[in-house]
Amino acid sequence: MSAALHILYEDNHCLAVAKPAPLLTQGVPPGIPTLEAMVKAYLKERYHKRGNVYLGIPHRLDRPVSGVVLFARNTKAARRLAEQFQQRQVRKVYWAVVEPSHDGTLPPTEGVWEDWLRKVKEQARGERVTADTPGARRAVLRYRWVRAGADGVLLAIEPETGRMHQIRVQAASRGWPVRGDVWYGARLPFGPPAEQPRDRIIALHARSLTFLHPIHYEPLTVTAPLPSTWDEWQNLDEPLA
């Protein structure tokens, strides 16, 4: 199991790996395949640990999303990394392929999306609402074009807030859903066909995280390469936003 892990960064305090889609970051009950379980198995094997392996999880990625996930290997690192995420000190860059709108238009080459979002009651999804809607929370992101393709455009996206499905909701509500994201109205497929809805993947990739090392405090940037499922975008060599 550990051989399947793609380690991006590792020291005594934190560990960053590339999560494949549609693997869960974390799951309940135990026994369900998750990135958390794979990382714990890797640490147990590599360091010959007996008993339970500690692993702090300061953030997560949605199941159909690939990219960088950062873990903490001790409680001090977990606390300090969690504080950085909570205080929005971590710079997150995502890459997303969005499809054209129904009339064939694409987003402007760069911009800022600002909305009010809320979680749909009793559903694992979000929606765009007005500012005075109960439960509404402000959502802001910046984006720019990386390149255009035959059926969409690849965007580099930097969220300033961290709302549920924020990128997916903000893109879809403007008529440019993330490729493959049928949950939010995508018409074009992405990746290999899936037998079960839970196994679908979407064209959203957590490209990089920039954070302060939880012990030494020097800035670190961890970057995840695009998965092989990204086909025409695979040979792209674009500097990070």
# chains A, B, ... in the order shown; residues from 1 in each chain; ligands from 1
call {"tool": "select_by_dssp", "arguments": {"residues": "region 10-178 of chain A", "states": "alpha helix (DSSP H)", "output": "number ranges by chain"}}
result
A: 35-46, 75-86, 166-172
call {"tool": "select_by_dssp", "arguments": {"residues": "region 28-201 of chain A", "states": "strand (DSSP E)", "output": "PyMOL selection string"}}
result
chain A and resi 66-72+91-98+110-119+126-129+137-149+152-159
call {"tool": "closest_residue", "arguments": {"among": "A:Leu43, A:Ala16, A:Ala21, A:Ala77", "to": "Pro214 (chain A)", "atoms": "only C-alpha atoms"}}
result
A:Ala77
call {"tool": "closest_atom_pairs", "arguments": {"of": "region 54-168 of chain A", "to": "region 189-203 of chain A", "cutoff": "6 Å", "atoms": "only C-alpha atoms", "output": "CSV"}}
result
residue,atom,partner,partner_atom,distance
A:Pro64,CA,A:Ile201,CA,4.3
A:Ala96,CA,A:Ala203,CA,5.5
A:Val97,CA,A:Ala203,CA,5.4
call {"tool": "write_last_selection", "arguments": {"atoms": "C-alpha atoms", "output": "PDB file, in the first residue's frame"}}
result
ATOM      1  CA  PRO A  64     -12.943  13.823  -6.737  1.00  0.00           C
ATOM      2  CA  ALA A  96      -8.977  23.739 -12.775  1.00  0.00           C
ATOM      3  CA  VAL A  97     -10.246  23.091 -16.274  1.00  0.00           C
TER       4      VAL A  97
END
call {"tool": "atom_distance", "arguments": {"atom1": "CA of Arg179 (chain A)", "atom2": "CA of Val98 (chain A)"}}
result
5.4 Å
call {"tool": "closest_atom_pairs", "arguments": {"of": "region 65-151 of chain A", "to": "region 219-236 of chain A", "cutoff": "8 Å", "atoms": "only C-alpha atoms", "output": "CSV"}}
result
residue,atom,partner,partner_atom,distance
A:Ser66,CA,A:Pro227,CA,7.7
A:Gly67,CA,A:Ala224,CA,5.6
A:Val68,CA,A:Ala224,CA,5.6
A:Gly149,CA,A:Glu232,CA,7.9
call {"tool": "closest_atom_pairs", "arguments": {"of": "region 54-168 of chain A", "to": "region 25-39 of chain A", "cutoff": "7 Å", "atoms": "only C-alpha atoms", "output": "tab-separated table"}}
result
residue	atom	partner	partner_atom	distance
A:Arg60	CA	A:Thr25	CA	6.0
A:Leu61	CA	A:Thr25	CA	6.3
A:Arg63	CA	A:Thr25	CA	7.0
call {"tool": "write_last_selection", "arguments": {"atoms": "C-alpha atoms", "output": "tab-separated table (two decimals), in the first residue's frame"}}
result
chain	number	residue	atom	x	y	z
A	60	ARG	CA	-8.62	18.02	3.35
A	61	LEU	CA	-9.42	17.70	-0.34
A	63	ARG	CA	-12.93	13.03	-2.97
call {"tool": "residues_around", "arguments": {"residues": "Ala136 (chain A)", "least_positions_apart": "6", "cutoff": "12 Å", "atoms": "only C-alpha atoms", "output": "list of chain:residue names"}}
result
A:Asp115, A:Trp116, A:Leu117, A:Arg118, A:Lys119, A:Val120, A:Gly126, A:Glu127, A:Arg128, A:Val129, A:Thr130, A:Arg163, A:Met164
call {"tool": "write_last_selection", "arguments": {"atoms": "N, CA and C atoms", "output": "PDB file, in the first residue's frame"}}
result
ATOM      1  N   ASP A 115     -18.451  36.155  -3.794  1.00  0.00           N
ATOM      2  CA  ASP A 115     -19.830  35.710  -3.642  1.00  0.00           C
ATOM      3  C   ASP A 115     -20.142  35.454  -2.177  1.00  0.00           C
ATOM      4  N   TRP A 116     -21.405  35.129  -1.946  1.00  0.00           N
ATOM      5  CA  TRP A 116     -21.841  34.617  -0.649  1.00  0.00           C
ATOM      6  C   TRP A 116     -22.331  33.196  -0.886  1.00  0.00           C
ATOM      7  N   LEU A 117     -21.786  32.259  -0.119  1.00  0.00           N
ATOM      8  CA  LEU A 117     -22.116  30.853  -0.284  1.00  0.00           C
ATOM      9  C   LEU A 117     -22.654  30.286   1.023  1.00  0.00           C
ATOM     10  N   ARG A 118     -23.401  29.215   0.898  1.00  0.00           N
ATOM     11  CA  ARG A 118     -23.825  28.481   2.094  1.00  0.00           C
ATOM     12  C   ARG A 118     -23.950  27.010   1.754  1.00  0.00           C
ATOM     13  N   LYS A 119     -23.874  26.183   2.774  1.00  0.00           N
ATOM     14  CA  LYS A 119     -24.066  24.749   2.607  1.00  0.00           C
ATOM     15  C   LYS A 119     -25.556  24.453   2.479  1.00  0.00           C
ATOM     16  N   VAL A 120     -25.899  23.623   1.513  1.00  0.00           N
ATOM     17  CA  VAL A 120     -27.291  23.208   1.359  1.00  0.00           C
ATOM     18  C   VAL A 120     -27.645  22.260   2.498  1.00  0.00           C
ATOM     19  N   GLY A 126     -22.710  22.976  -1.827  1.00  0.00           N
ATOM     20  CA  GLY A 126     -22.888  24.381  -1.511  1.00  0.00           C
ATOM     21  C   GLY A 126     -23.684  25.079  -2.600  1.00  0.00           C
ATOM     22  N   GLU A 127     -24.082  26.318  -2.317  1.00  0.00           N
ATOM     23  CA  GLU A 127     -24.814  27.105  -3.297  1.00  0.00           C
ATOM     24  C   GLU A 127     -24.518  28.579  -3.100  1.00  0.00           C
ATOM     25  N   ARG A 128     -24.670  29.341  -4.184  1.00  0.00           N
ATOM     26  CA  ARG A 128     -24.479  30.791  -4.109  1.00  0.00           C
ATOM     27  C   ARG A 128     -25.800  31.435  -3.694  1.00  0.00           C
ATOM     28  N   VAL A 129     -25.732  32.346  -2.741  1.00  0.00           N
ATOM     29  CA  VAL A 129     -26.925  32.999  -2.197  1.00  0.00           C
ATOM     30  C   VAL A 129     -26.643  34.489  -2.034  1.00  0.00           C
ATOM     31  N   THR A 130     -27.646  35.226  -1.574  1.00  0.00           N
ATOM     32  CA  THR A 130     -27.461  36.644  -1.293  1.00  0.00           C
ATOM     33  C   THR A 130     -26.830  36.821   0.089  1.00  0.00           C
ATOM     34  N   ARG A 163     -14.333  27.971   1.667  1.00  0.00           N
ATOM     35  CA  ARG A 163     -15.720  27.530   1.850  1.00  0.00           C
ATOM     36  C   ARG A 163     -15.937  26.161   1.214  1.00  0.00           C
ATOM     37  N   MET A 164     -17.007  25.499   1.615  1.00  0.00           N
ATOM     38  CA  MET A 164     -17.315  24.174   1.090  1.00  0.00           C
ATOM     39  C   MET A 164     -17.493  24.222  -0.424  1.00  0.00           C
TER      40      MET A 164
END
call {"tool": "closest_residue", "arguments": {"among": "A:Glu218, A:Glu122, A:Asp181, A:Asp11", "to": "Arg168 (chain A)", "atoms": "only C-alpha atoms"}}
result
A:Asp181
call {"tool": "residues_around", "arguments": {"residues": "Pro159 (chain A)", "least_positions_apart": "5", "cutoff": "9 Å", "atoms": "only C-alpha atoms", "output": "ChimeraX atom specification"}}
result
/A:91-94,139-143,166-167
call {"tool": "decode", "arguments": {"residues": "region 171-234 of chain A", "atoms": "C-alpha atoms", "output": "PDB file, in the first residue's frame"}}
result
ATOM      1  CA  ALA A 171     -17.236  28.544 -11.285  1.00  0.00           C
ATOM      2  CA  ALA A 172     -20.491  26.697 -11.938  1.00  0.00           C
ATOM      3  CA  SER A 173     -22.686  29.582 -10.790  1.00  0.00           C
ATOM      4  CA  ARG A 174     -21.119  31.708 -13.540  1.00  0.00           C
ATOM      5  CA  GLY A 175     -21.789  29.119 -16.219  1.00  0.00           C
ATOM      6  CA  TRP A 176     -18.252  27.646 -16.330  1.00  0.00           C
ATOM      7  CA  PRO A 177     -18.428  24.420 -14.294  1.00  0.00           C
ATOM      8  CA  VAL A 178     -15.313  22.371 -13.640  1.00  0.00           C
ATOM      9  CA  ARG A 179     -14.988  19.630 -16.270  1.00  0.00           C
ATOM     10  CA  GLY A 180     -16.542  16.387 -15.069  1.00  0.00           C
ATOM     11  CA  ASP A 181     -18.316  17.998 -12.118  1.00  0.00           C
ATOM     12  CA  VAL A 182     -21.836  16.762 -12.903  1.00  0.00           C
ATOM     13  CA  TRP A 183     -22.827  17.563  -9.308  1.00  0.00           C
ATOM     14  CA  TYR A 184     -22.630  21.230 -10.305  1.00  0.00           C
ATOM     15  CA  GLY A 185     -23.912  20.987 -13.872  1.00  0.00           C
ATOM     16  CA  ALA A 186     -20.877  20.038 -15.974  1.00  0.00           C
ATOM     17  CA  ARG A 187     -21.821  18.699 -19.405  1.00  0.00           C
ATOM     18  CA  LEU A 188     -18.380  17.511 -20.515  1.00  0.00           C
ATOM     19  CA  PRO A 189     -16.759  14.392 -19.025  1.00  0.00           C
ATOM     20  CA  PHE A 190     -13.317  14.227 -17.469  1.00  0.00           C
ATOM     21  CA  GLY A 191     -11.091  11.251 -16.837  1.00  0.00           C
ATOM     22  CA  PRO A 192     -11.963   7.560 -17.250  1.00  0.00           C
ATOM     23  CA  PRO A 193     -15.600   6.415 -17.014  1.00  0.00           C
ATOM     24  CA  ALA A 194     -16.665   5.480 -13.483  1.00  0.00           C
ATOM     25  CA  GLU A 195     -18.980   2.632 -12.573  1.00  0.00           C
ATOM     26  CA  GLN A 196     -20.086   4.355  -9.354  1.00  0.00           C
ATOM     27  CA  PRO A 197     -20.795   8.084  -8.884  1.00  0.00           C
ATOM     28  CA  ARG A 198     -18.345   8.158  -5.960  1.00  0.00           C
ATOM     29  CA  ASP A 199     -15.541   7.125  -8.338  1.00  0.00           C
ATOM     30  CA  ARG A 200     -15.951  10.075 -10.702  1.00  0.00           C
ATOM     31  CA  ILE A 201     -13.114  12.562 -10.850  1.00  0.00           C
ATOM     32  CA  ILE A 202     -13.197  16.223 -11.804  1.00  0.00           C
ATOM     33  CA  ALA A 203     -10.672  18.572 -13.395  1.00  0.00           C
ATOM     34  CA  LEU A 204      -9.661  20.228 -10.135  1.00  0.00           C
ATOM     35  CA  HIS A 205      -6.138  19.798  -8.792  1.00  0.00           C
ATOM     36  CA  ALA A 206      -4.553  21.255  -5.648  1.00  0.00           C
ATOM     37  CA  ARG A 207      -1.375  22.353  -7.399  1.00  0.00           C
ATOM     38  CA  SER A 208       0.626  23.816  -4.506  1.00  0.00           C
ATOM     39  CA  LEU A 209       0.689  24.810  -0.853  1.00  0.00           C
ATOM     40  CA  THR A 210       2.995  27.462   0.586  1.00  0.00           C
ATOM     41  CA  PHE A 211       3.250  27.459   4.381  1.00  0.00           C
ATOM     42  CA  LEU A 212       5.667  28.097   7.220  1.00  0.00           C
ATOM     43  CA  HIS A 213       7.448  25.045   8.557  1.00  0.00           C
ATOM     44  CA  PRO A 214       5.762  24.349  11.917  1.00  0.00           C
ATOM     45  CA  ILE A 215       9.071  24.187  13.831  1.00  0.00           C
ATOM     46  CA  HIS A 216      11.697  26.111  11.848  1.00  0.00           C
ATOM     47  CA  TYR A 217       9.261  28.709  10.404  1.00  0.00           C
ATOM     48  CA  GLU A 218      10.957  28.960   7.014  1.00  0.00           C
ATOM     49  CA  PRO A 219       8.526  29.189   4.078  1.00  0.00           C
ATOM     50  CA  LEU A 220       8.009  25.975   2.128  1.00  0.00           C
ATOM     51  CA  THR A 221       6.223  25.443  -1.178  1.00  0.00           C
ATOM     52  CA  VAL A 222       5.116  21.928  -2.053  1.00  0.00           C
ATOM     53  CA  THR A 223       3.938  21.265  -5.618  1.00  0.00           C
ATOM     54  CA  ALA A 224       2.004  18.277  -6.962  1.00  0.00           C
ATOM     55  CA  PRO A 225       2.414  17.295 -10.630  1.00  0.00           C
ATOM     56  CA  LEU A 226      -0.693  16.822 -12.724  1.00  0.00           C
ATOM     57  CA  PRO A 227      -2.030  13.253 -12.675  1.00  0.00           C
ATOM     58  CA  SER A 228      -1.872  11.166 -15.851  1.00  0.00           C
ATOM     59  CA  THR A 229      -5.659  11.544 -16.220  1.00  0.00           C
ATOM     60  CA  TRP A 230      -5.171  15.147 -17.339  1.00  0.00           C
ATOM     61  CA  ASP A 231      -4.369  14.068 -20.901  1.00  0.00           C
ATOM     62  CA  GLU A 232      -3.927  17.169 -23.085  1.00  0.00           C
ATOM     63  CA  TRP A 233      -2.792  19.289 -20.137  1.00  0.00           C
ATOM     64  CA  GLN A 234      -0.078  16.812 -19.192  1.00  0.00           C
TER      65      GLN A 234
END
